[in-house]
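S.K.: My structure file run-v3.cif, mmCIF, C-alpha atoms and all ligand atoms, is below:
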data_my_file
loop_
_atom_site.label_atom_id
_atom_site.label_comp_id
_atom_site.auth_asym_id
_atom_site.auth_seq_id
_atom_site.Cartn_x
_atom_site.Cartn_y
_atom_site.Cartn_z
CA MET A 1 -2.73 13.45 38.69
CA THR A 2 -1.84 10.55 40.96
CA THR A 3 0.67 10.46 43.77
CA LYS A 4 2.62 7.22 43.81
CA ILE A 5 3.83 5.94 47.15
CA ALA A 6 6.35 3.10 47.19
CA ILE A 7 6.75 1.17 50.42
CA PHE A 8 9.80 -1.05 50.80
CA GLY A 9 9.27 -3.62 53.57
CA VAL A 10 5.55 -4.02 54.12
CA GLY A 11 5.57 -5.36 57.69
CA LEU A 12 4.04 -3.91 60.87
CA ILE A 13 5.10 -0.32 60.18
CA GLY A 14 5.18 -0.38 56.34
CA GLY A 15 1.81 -2.16 56.29
CA SER A 16 0.29 0.32 58.75
CA LEU A 17 1.51 3.26 56.63
CA ALA A 18 0.10 1.56 53.53
CA LEU A 19 -3.28 1.22 55.26
CA CYS A 20 -3.22 4.91 56.23
CA LEU A 21 -2.51 6.00 52.64
CA LYS A 22 -4.32 3.46 50.45
CA GLY A 23 -7.61 4.69 49.05
CA LYS A 24 -6.89 8.35 49.79
CA PRO A 25 -7.68 10.79 46.92
CA GLY A 26 -5.23 10.47 44.04
CA ILE A 27 -2.93 8.10 45.93
CA THR A 28 -1.61 4.76 44.69
CA VAL A 29 0.37 2.59 47.08
CA VAL A 30 2.86 0.09 45.69
CA GLY A 31 4.53 -2.37 48.06
CA HIS A 32 7.93 -3.90 47.50
CA ALA A 33 8.73 -7.29 48.99
CA HIS A 34 12.17 -8.88 49.03
CA ARG A 35 10.88 -12.45 48.94
CA PRO A 36 7.99 -14.19 47.13
CA GLU A 37 6.52 -15.36 50.50
CA SER A 38 6.42 -11.75 51.74
CA LEU A 39 4.79 -10.65 48.48
CA LYS A 40 2.07 -13.27 48.96
CA ARG A 41 1.39 -12.08 52.53
CA ILE A 42 1.11 -8.42 51.46
CA VAL A 43 -1.29 -9.27 48.65
CA GLU A 44 -3.38 -11.54 50.89
CA ARG A 45 -3.63 -8.84 53.57
CA GLY A 46 -4.75 -6.32 50.89
CA VAL A 47 -2.78 -3.38 52.28
CA VAL A 48 -1.45 -2.07 48.95
CA ASP A 49 -2.84 -1.32 45.49
CA ALA A 50 -0.03 -3.28 43.84
CA ALA A 51 2.93 -5.35 44.99
CA THR A 52 6.17 -6.25 43.28
CA LEU A 53 9.48 -8.00 43.85
CA SER A 54 11.21 -5.52 41.57
CA MET A 55 12.86 -2.54 43.24
CA GLU A 56 13.04 -0.75 39.95
CA GLU A 57 9.32 -1.18 39.30
CA ALA A 58 8.37 -0.06 42.82
CA ALA A 59 10.59 3.03 42.72
CA ALA A 60 9.82 4.09 39.14
CA ASP A 61 7.93 7.41 39.09
CA ALA A 62 7.33 7.30 42.86
CA ASP A 63 6.66 10.66 44.50
CA PHE A 64 7.42 9.25 47.95
CA ILE A 65 9.51 6.21 48.90
CA PHE A 66 9.17 4.81 52.42
CA LEU A 67 11.91 2.47 53.62
CA CYS A 68 10.29 0.28 56.28
CA VAL A 69 12.90 -2.48 56.47
CA PRO A 70 15.06 -3.40 59.51
CA VAL A 71 17.54 -0.64 60.43
CA GLY A 72 20.49 -2.87 59.40
CA ASN A 73 19.21 -2.97 55.80
CA LEU A 74 18.65 0.76 55.32
CA GLU A 75 22.12 1.49 53.98
CA GLU A 76 21.85 -1.26 51.36
CA TYR A 77 18.38 -0.05 50.28
CA LEU A 78 19.56 3.57 50.01
CA ALA A 79 22.57 2.52 47.94
CA LYS A 80 20.39 0.46 45.60
CA LEU A 81 17.85 3.28 45.21
CA ASN A 82 20.66 5.68 44.45
CA ARG A 83 21.48 3.64 41.35
CA LEU A 84 17.88 3.73 40.05
CA PRO A 85 16.27 6.42 37.88
CA LEU A 86 14.08 8.18 40.48
CA LYS A 87 11.47 10.82 39.68
CA PRO A 88 12.86 14.36 40.13
CA GLY A 89 11.57 15.80 43.40
CA CYS A 90 11.04 12.34 44.88
CA ILE A 91 11.15 12.23 48.68
CA VAL A 92 12.84 9.21 50.22
CA THR A 93 12.10 8.64 53.89
CA ASP A 94 12.53 5.79 56.37
CA VAL A 95 10.85 4.68 59.58
CA GLY A 96 13.88 3.23 61.35
CA SER A 97 14.10 3.44 65.15
CA THR A 98 17.53 5.08 64.96
CA LYS A 99 18.27 8.19 62.95
CA ALA A 100 21.95 9.21 63.11
CA ALA A 101 23.38 6.32 61.05
CA VAL A 102 20.81 6.57 58.27
CA ALA A 103 21.21 10.37 58.14
CA ALA A 104 24.98 10.01 57.68
CA CYS A 105 24.53 7.40 55.03
CA ALA A 106 21.89 9.38 53.12
CA ALA A 107 24.13 12.47 53.20
CA ALA A 108 26.93 10.47 51.58
CA ILE A 109 24.79 9.41 48.64
CA SER A 110 22.56 12.41 48.22
CA ARG A 111 21.44 13.54 44.75
CA PRO A 112 20.34 17.09 43.94
CA ASP A 113 16.91 16.08 42.61
CA VAL A 114 15.97 13.60 45.35
CA PHE A 115 15.45 14.50 49.01
CA PHE A 116 16.05 12.24 51.98
CA ILE A 117 14.16 13.00 55.20
CA GLY A 118 14.64 10.55 58.06
CA GLY A 119 11.52 9.58 59.99
CA HIS A 120 10.48 7.59 63.04
CA PRO A 121 6.88 7.03 64.04
CA MET A 122 6.88 6.70 67.82
CA ALA A 123 4.26 3.99 67.80
CA GLY A 124 4.39 0.30 67.30
CA SER A 125 4.16 -2.90 69.23
CA GLU A 126 5.94 -6.08 70.16
CA ARG A 127 4.19 -7.71 67.21
CA SER A 128 5.63 -7.77 63.72
CA GLY A 129 4.68 -8.55 60.14
CA VAL A 130 1.95 -7.23 57.87
CA GLU A 131 -0.66 -9.29 59.75
CA ALA A 132 -0.23 -6.93 62.74
CA ALA A 133 -0.58 -3.76 60.62
CA SER A 134 -3.33 -1.29 61.53
CA SER A 135 -4.51 1.96 59.93
CA LEU A 136 -4.91 3.39 63.46
CA LEU A 137 -1.42 2.56 64.70
CA PHE A 138 -0.06 6.10 64.46
CA GLU A 139 -3.17 7.99 65.52
CA ASN A 140 -2.23 10.58 68.19
CA ALA A 141 1.35 9.30 68.34
CA TYR A 142 4.39 11.48 67.74
CA TYR A 143 6.11 11.04 64.38
CA VAL A 144 9.69 12.32 64.40
CA LEU A 145 11.23 13.79 61.24
CA THR A 146 14.95 14.51 61.09
CA PRO A 147 15.62 16.54 57.91
CA SER A 148 19.17 17.69 57.31
CA PRO A 149 19.50 21.50 56.97
CA ASP A 150 19.90 21.25 53.19
CA VAL A 151 16.48 19.69 52.62
CA PRO A 152 14.25 22.37 51.04
CA GLU A 153 11.33 23.45 53.23
CA GLU A 154 9.01 22.69 50.29
CA ALA A 155 9.99 18.99 50.42
CA TYR A 156 9.61 18.81 54.20
CA ILE A 157 6.13 20.33 53.97
CA ARG A 158 5.13 17.88 51.23
CA LEU A 159 6.07 14.95 53.47
CA GLU A 160 4.39 16.50 56.49
CA ARG A 161 1.17 16.95 54.46
CA LEU A 162 1.21 13.34 53.32
CA LEU A 163 1.80 12.10 56.86
CA ALA A 164 -1.30 13.96 58.00
CA TYR A 165 -3.14 10.82 56.84
CA THR A 166 -1.52 8.92 59.72
CA LYS A 167 -3.14 11.36 62.23
CA ALA A 168 0.21 11.44 64.03
CA GLN A 169 1.75 14.62 65.40
CA ILE A 170 4.91 15.53 63.54
CA VAL A 171 7.95 16.72 65.51
CA ARG A 172 11.27 17.85 64.06
CA VAL A 173 14.33 16.59 65.95
CA ASP A 174 18.07 16.48 65.28
CA PRO A 175 19.04 12.86 64.44
CA VAL A 176 21.82 12.58 67.05
CA LEU A 177 19.61 14.00 69.79
CA HIS A 178 16.83 11.64 68.65
CA ASP A 179 19.07 8.61 69.19
CA GLU A 180 20.09 9.77 72.68
CA ILE A 181 16.52 10.36 73.79
CA VAL A 182 14.95 7.34 72.11
CA GLY A 183 17.85 5.23 73.40
CA ALA A 184 16.80 6.11 76.95
CA ILE A 185 13.01 5.91 76.59
CA SER A 186 12.67 3.01 74.16
CA HIS A 187 15.86 1.06 73.50
CA LEU A 188 17.02 0.82 77.14
CA PRO A 189 13.60 -0.40 78.33
CA HIS A 190 13.72 -3.15 75.68
CA ILE A 191 17.12 -4.32 76.97
CA ILE A 192 15.92 -4.21 80.57
CA ALA A 193 12.74 -6.17 79.74
CA VAL A 194 14.74 -8.86 77.93
CA ALA A 195 17.36 -9.06 80.70
CA LEU A 196 14.66 -9.39 83.36
CA VAL A 197 12.79 -12.12 81.48
CA ASN A 198 16.04 -14.01 80.85
CA GLN A 199 17.08 -13.72 84.51
CA VAL A 200 13.77 -15.25 85.59
CA CYS A 201 13.95 -17.81 82.76
CA ASP A 202 17.27 -19.05 84.18
CA TYR A 203 15.84 -19.34 87.72
CA ASN A 204 12.82 -21.11 86.26
CA SER A 205 14.98 -23.83 84.73
CA SER A 206 15.55 -25.18 88.25
CA ASN A 207 12.05 -24.42 89.57
CA GLU A 208 8.89 -24.11 87.43
CA LEU A 209 7.18 -22.11 90.19
CA TYR A 210 8.80 -18.93 88.79
CA ARG A 211 6.82 -19.15 85.56
CA MET A 212 3.69 -20.28 87.39
CA LEU A 213 3.65 -17.39 89.84
CA ALA A 214 4.72 -14.70 87.36
CA ALA A 215 1.53 -12.73 86.90
CA GLY A 216 0.21 -9.28 85.97
CA GLY A 217 3.08 -7.04 87.04
CA PHE A 218 5.75 -9.21 85.43
CA ARG A 219 3.74 -9.47 82.22
CA ASP A 220 3.07 -5.70 82.15
CA ILE A 221 6.66 -4.61 82.41
CA THR A 222 8.03 -7.32 80.10
CA ARG A 223 5.57 -7.11 77.16
CA ILE A 224 8.22 -5.54 74.95
CA ALA A 225 10.61 -8.44 75.63
CA SER A 226 8.52 -10.32 73.00
CA SER A 227 9.62 -7.90 70.26
CA GLU A 228 11.10 -9.10 66.96
CA PRO A 229 14.74 -10.20 67.55
CA VAL A 230 16.12 -9.13 64.15
CA ILE A 231 14.50 -5.69 64.33
CA TRP A 232 15.98 -5.16 67.82
CA ARG A 233 19.41 -6.59 67.01
CA ASP A 234 19.70 -3.95 64.30
CA ILE A 235 18.36 -1.09 66.45
CA LEU A 236 20.74 -1.80 69.33
CA LEU A 237 23.78 -2.27 67.11
CA SER A 238 22.96 0.93 65.25
CA ASN A 239 22.65 2.87 68.52
CA ARG A 240 25.54 0.99 70.13
CA LYS A 241 27.54 3.97 71.43
CA VAL A 242 24.53 5.64 73.03
CA MET A 243 23.42 2.32 74.55
CA LEU A 244 26.83 1.67 76.09
CA ASP A 245 26.67 5.04 77.89
CA LEU A 246 23.07 4.46 78.96
CA LEU A 247 23.94 1.02 80.31
CA LYS A 248 26.74 2.54 82.39
CA ASP A 249 24.17 4.88 83.94
CA TRP A 250 21.79 1.94 84.37
CA ASN A 251 24.48 0.06 86.30
CA LEU A 252 24.82 3.11 88.58
CA GLU A 253 21.04 3.09 89.20
CA ILE A 254 21.14 -0.59 90.10
CA GLU A 255 24.26 -0.15 92.24
CA GLY A 256 22.32 2.59 94.06
CA PHE A 257 19.66 0.04 94.94
CA VAL A 258 22.29 -2.48 96.02
CA LYS A 259 23.71 0.13 98.40
CA LEU A 260 20.27 1.08 99.77
CA LEU A 261 19.59 -2.58 100.57
CA GLU A 262 23.06 -3.22 102.00
CA ASP A 263 22.63 -0.20 104.25
CA GLU A 264 19.01 -1.14 105.08
CA ASN A 265 18.24 2.44 104.05
CA GLY A 266 14.43 2.53 104.17
CA VAL A 267 14.29 6.31 103.74
CA GLY A 268 16.41 6.07 100.59
CA ILE A 269 14.15 3.35 99.15
CA GLU A 270 11.06 5.46 99.83
CA GLU A 271 12.73 8.46 98.21
CA ALA A 272 13.58 6.42 95.10
CA PHE A 273 9.96 5.31 94.73
CA GLN A 274 8.66 8.84 95.40
CA LYS A 275 10.96 10.34 92.76
CA ALA A 276 9.86 7.74 90.20
CA ASN A 277 6.21 8.16 91.10
CA ARG A 278 6.42 11.95 90.67
CA PHE A 279 8.13 11.81 87.28
CA ARG A 280 5.87 9.03 85.99
CA SER A 281 2.73 10.95 86.94
CA GLU A 282 4.02 13.87 84.86
CA LEU A 283 4.37 11.75 81.71
CA PRO A 284 2.07 12.85 78.89
CA GLU A 285 -1.18 10.93 78.52
CA ARG A 286 -0.84 7.78 76.45
CA ARG A 287 -1.15 8.91 72.88
CA LYS A 288 -0.89 5.72 70.86
CA GLY A 289 -3.38 4.17 68.50
CA THR A 290 -5.21 0.90 68.75
CA ILE A 291 -2.45 -1.60 69.35
CA THR A 292 -1.80 -0.10 72.70
CA SER A 293 -5.04 1.56 73.58
CA LEU A 294 -5.65 5.19 74.39
CA PHE A 295 -7.75 5.32 77.54
CA ASP A 296 -7.93 2.33 79.83
CA ILE A 297 -9.91 1.61 82.96
CA TYR A 298 -9.54 -1.43 85.16
CA ILE A 299 -12.37 -3.05 87.06
CA ASP A 300 -12.54 -5.83 89.60
CA VAL A 301 -14.86 -8.48 88.27
CA PRO A 302 -16.13 -11.56 90.05
CA ASP A 303 -15.03 -14.61 88.09
CA HIS A 304 -18.36 -15.95 86.94
CA PRO A 305 -19.72 -16.79 83.49
CA GLY A 306 -21.60 -14.05 81.68
CA ILE A 307 -19.81 -11.10 83.29
CA ILE A 308 -18.06 -10.04 80.07
CA GLY A 309 -21.33 -10.11 78.14
CA GLN A 310 -23.07 -8.16 80.90
CA ILE A 311 -20.50 -5.35 80.91
CA ALA A 312 -20.38 -5.17 77.11
CA THR A 313 -24.19 -5.00 76.96
CA GLU A 314 -24.39 -2.22 79.57
CA LEU A 315 -21.86 -0.16 77.60
CA GLY A 316 -23.48 -0.96 74.25
CA THR A 317 -26.94 0.07 75.42
CA ARG A 318 -25.57 3.49 76.30
CA HIS A 319 -23.64 3.74 73.00
CA ILE A 320 -20.26 3.82 74.75
CA ASN A 321 -17.77 2.52 72.18
CA LEU A 322 -15.40 -0.05 73.61
CA SER A 323 -12.21 -0.57 71.59
CA ASN A 324 -10.87 -3.53 73.57
CA MET A 325 -11.61 -5.72 76.55
CA GLN A 326 -9.19 -8.03 78.30
CA ILE A 327 -9.18 -10.17 81.43
CA ILE A 328 -5.77 -9.55 82.98
CA GLU A 329 -5.91 -11.72 86.03
CA SER A 330 -8.50 -14.31 86.85
CA ARG A 331 -8.52 -16.85 89.66
CA GLU A 332 -11.34 -18.72 91.28
CA ASP A 333 -10.89 -17.34 94.79
CA VAL A 334 -10.28 -13.62 94.08
CA PRO A 335 -11.86 -11.09 91.76
CA GLY A 336 -10.35 -10.90 88.30
CA VAL A 337 -9.20 -7.63 86.81
CA MET A 338 -10.63 -6.55 83.49
CA ARG A 339 -9.09 -3.89 81.29
CA LEU A 340 -11.51 -1.87 79.17
CA SER A 341 -9.99 0.36 76.50
CA PHE A 342 -11.61 3.35 74.86
CA ARG A 343 -10.52 5.58 72.03
CA GLN A 344 -12.05 8.72 73.51
CA GLU A 345 -11.43 10.09 76.99
CA GLY A 346 -15.11 11.08 77.29
CA GLU A 347 -16.20 7.51 76.60
CA MET A 348 -13.83 6.25 79.26
CA GLU A 349 -15.28 8.72 81.78
CA ARG A 350 -18.85 7.71 80.94
CA ALA A 351 -17.99 4.02 81.24
CA LYS A 352 -16.32 4.66 84.59
CA GLU A 353 -19.38 6.45 85.97
CA LEU A 354 -21.76 3.82 84.61
CA LEU A 355 -19.83 0.87 86.03
CA GLN A 356 -19.29 2.58 89.37
CA GLY A 357 -23.04 3.23 89.46
CA LEU A 358 -23.60 -0.48 88.86
CA GLY A 359 -21.46 -1.25 91.89
CA TYR A 360 -18.18 -2.21 90.22
CA THR A 361 -14.83 -1.09 91.65
CA VAL A 362 -13.17 0.94 88.89
CA TYR A 363 -9.53 2.09 88.69
CA VAL A 364 -8.03 4.43 86.10
N1 LIG A 401 8.19 -2.52 65.66
C1 LIG A 401 7.90 -1.30 66.03
O1 LIG A 401 7.10 -1.13 66.94
C2 LIG A 401 8.53 -0.16 65.33
C3 LIG A 401 9.49 -0.35 64.35
N2 LIG A 401 10.06 0.72 63.72
C4 LIG A 401 11.05 0.52 62.68
O2 LIG A 401 10.33 0.11 61.52
C5 LIG A 401 11.11 -0.73 60.69
C6 LIG A 401 10.31 -1.97 60.36
O3 LIG A 401 9.98 -2.64 61.56
P1 LIG A 401 8.65 -3.51 61.68
O4 LIG A 401 7.65 -3.07 60.72
O5 LIG A 401 8.34 -3.58 63.11
O6 LIG A 401 9.22 -4.93 61.27
P2 LIG A 401 8.53 -6.10 60.45
O7 LIG A 401 9.37 -7.30 60.65
O8 LIG A 401 7.09 -6.18 60.76
O9 LIG A 401 8.69 -5.59 58.95
C7 LIG A 401 9.93 -5.53 58.29
C8 LIG A 401 9.67 -5.70 56.82
O10 LIG A 401 10.89 -5.58 56.11
C9 LIG A 401 10.95 -6.61 55.13
N3 LIG A 401 12.33 -6.77 54.69
C10 LIG A 401 12.80 -6.29 53.54
N4 LIG A 401 14.09 -6.60 53.40
C11 LIG A 401 14.44 -7.30 54.47
C12 LIG A 401 15.65 -7.91 54.85
N5 LIG A 401 16.75 -7.86 54.10
N6 LIG A 401 15.66 -8.56 56.04
C13 LIG A 401 14.55 -8.62 56.81
N7 LIG A 401 13.37 -8.05 56.46
C14 LIG A 401 13.32 -7.40 55.30
C15 LIG A 401 10.28 -7.79 55.80
O11 LIG A 401 9.85 -8.76 54.87
C16 LIG A 401 9.11 -7.10 56.49
O12 LIG A 401 8.02 -6.95 55.61
C17 LIG A 401 12.40 -0.99 61.47
O13 LIG A 401 13.41 -0.20 60.93
C18 LIG A 401 12.07 -0.56 62.90
O14 LIG A 401 13.21 -0.09 63.56
C19 LIG A 401 9.67 2.00 63.99
C20 LIG A 401 8.70 2.25 64.92
C21 LIG A 401 8.07 1.20 65.67
O1 LIG A 402 5.48 -1.75 71.88
C1 LIG A 402 5.89 -0.70 72.35
O2 LIG A 402 5.43 -0.18 73.38
C2 LIG A 402 6.98 0.01 71.67
O3 LIG A 402 7.85 0.53 72.29
C3 LIG A 402 6.89 0.03 70.18
C4 LIG A 402 8.01 0.72 69.50
C5 LIG A 402 9.10 -0.01 69.09
C6 LIG A 402 10.12 0.60 68.41
C7 LIG A 402 10.05 1.93 68.16
O4 LIG A 402 11.05 2.52 67.49
C8 LIG A 402 8.97 2.70 68.56
C9 LIG A 402 7.94 2.07 69.22
#
When written as structure tokens, how does the structure in this file appear?

M.R.:
Amino acid sequence: MTTKIAIFGVGLIGGSLALCLKGKPGITVVGHAHRPESLKRIVERGVVDAATLSMEEAAADADFIFLCVPVGNLEEYLAKLNRLPLKPGCIVTDVGSTKAAVAACAAAISRPDVFFIGGHPMAGSERSGVEAASSLLFENAYYVLTPSPDVPEEAYIRLERLLAYTKAQIVRVDPVLHDEIVGAISHLPHIIAVALVNQVCDYNSSNELYRMLAAGGFRDITRIASSEPVIWRDILLSNRKVMLDLLKDWNLEIEGFVKLLEDENGVGIEEAFQKANRFRSELPERRKGTITSLFDIYIDVPDHPGIIGQIATELGTRHINLSNMQIIESREDVPGVMRLSFRQEGEMERAKELLQGLGYTVYV
């Protein structure tokens, strides 16, 4: 007996799910694309067993349907699916970054023999499209599910079992609460990153030195400003009410800083940094998969040819598996900083000891 999985929207998230599920015992993954160009990309990337432009064909006899399209298209996809002959017991789920709107919409078109369970894998990247998909994207990440109370436990468990292939940790959250929390920890940071980059972009139009001098710190905190505009337009509009409240609070935070500076309140500035430092140090360890790495160390490296090869060889000889290596900052007159990423904490610790032993300055 085969389990048919239909994935609508095989981009970063849909493609990563496809890679997690394809080839698993008894599973067939069918991808749906809304345009011939997208179909070609999915087939070329080889993430699905079969691909089609026909919604009907993709959905026919599917045991699970994953909607991995932009949030703004979820309602339309649900409405179209609702008109198709779906297999009794079929579970329809989505991966959208907001959950309240899709939950309301699914409730309005629910059918007794088909179950909708909202979902949101809390992993991703600023990249998009099937080319960026990875089977390891969800490993160790949280994966939120937001079933309505009338979804039978049997259906929830079936989905949870299937998602075990992603190696994510499933958490059950109320959809409205999800949007409030994710609004603060994901959507607000995206707005702030974009606003900051655009502020500097405007200054830069009268003086190119801004771009030239913008280095590590600016890049680090603005990575997510490079995220897909259509995906983020939809997320922010869908979570509009929550975002408006959060932005009011954000304005208060910023006004607080304005006041501290106006008053030349050094103690207050220190307190603000101490509070942030304390809370940040209590954040859970990074839990994401490969795209943002699990365990990173940073080392000062003199900027001379051969250094990358030397470090990689030292690690390789001791069978320490490196998942990524990146020069973050490199100038002729100062040491560069290299980021080494490991999938296992133990490997990171061994690399740290080894490199310290070889005389490198290592930071965690
Ligand atoms: N980017 C991220 O890091 C994360 C995104 N999500 C959610 O996952 C969903 C998919 O996002 P990504 O995979 O990042 O985006 P993506 O742009 O990589 O993929 C979107 C896919 O939907 C397809 N699509 C189908 N109908 C479409 C239409 N009418 N208009 C535009 N595209 C259409 C596109 O061809 C593409 O394959 C979104 O709902 C997003 O909120 C969830 C977690 C993380
Ligand atoms: O790139 C990052 O760090 C992200 O924040 C990725 C991301 C984007 C959207 C989501 O709904 C969840 C995760």

S.K.: Counting all atoms listed in the file, which protein, DNA or RNA residues come within 6 Å of ligand LIG 402 (chain A), given as a PyMOL selection string?

M.R.: chain A and resi 97+122-126+186+224

S.K.: Let me make sure I understand: among A:Ala18, A:Ile5, A:Leu177, A:Val114, which one has the smallest atom-to-atom distance to Asp150 of chain A if we use all atoms listed in the file?

M.R.: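 Comparing A:Ala18, A:Ile5, A:Leu177, A:Val114 against Asp150 of chain A, the winner is A:Val114.
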
S.K.: Just want the residues within 8 Å of ligand LIG 401 (chain A), written as a PyMOL selection string, counting all atoms listed in the file.

M.R.: chain A and resi 8-15+33-35+38+67-74+94-98+120-130+132+227-228+230-232+234-235

S.K.: By how many Å are atom CA of Arg339 of chain A and atom CA of Leu322 of chain A apart?

M.R.: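 Computing the Euclidean distance for atom CA of Arg339 of chain A and atom CA of Leu322 of chain A yields 10.7 Å.
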
S.K.: Please identify all polymer residues within 8 Å of Leu159 of chain A, counting all atoms listed in the file, omitting same-chain residues fewer than 4 positions from it, and present them as a VMD selection string.

M.R.: chain A and resid 91 155 163

S.K.: Based on the selection just made, write C-alpha atoms of those residues as a compact mmCIF listing (two decimals), keeping the file's coordinate frame.

M.R.:
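Final output, result_30.txt:
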# COMPACT_ATOMS: atom_id res chain seq x y z
CA ILE A 91 11.15 12.23 48.68
CA ALA A 155 9.99 18.99 50.42
CA LEU A 163 1.80 12.10 56.86

S.K.: What's the separation between atom CA of Ala60 of chain A and atom CA of Ala6 of chain A, in Å to one decimal place?

M.R.: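 Those two atoms sit 8.8 Å apart.
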
S.K.: For the atom pair atom CA of Asn321 of chain A and atom CA of Leu21 of chain A, what is the interatomic distance in Å to one decimal place?

M.R.: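 Interatomic distance, atom CA of Asn321 of chain A to atom CA of Leu21 of chain A: 25.0 Å.
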
S.K.: Please provide the set of residues having any atom within 9 Å of Asn82 of chain A, restricted to all atoms listed in the file, with same-chain residues fewer than 5 positions apart removed, written as JSON, numbers by chain.

M.R.: {"A": [77, 109, 110, 111]}

S.K.: Pick the closest to Tyr363 of chain A from A:Leu340, A:Ile299, A:Met348, A:Ile327: which is it, counting only C-alpha atoms?

M.R.: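 Residue with the minimum atom-to-atom distance to Tyr363 of chain A: A:Ile299.
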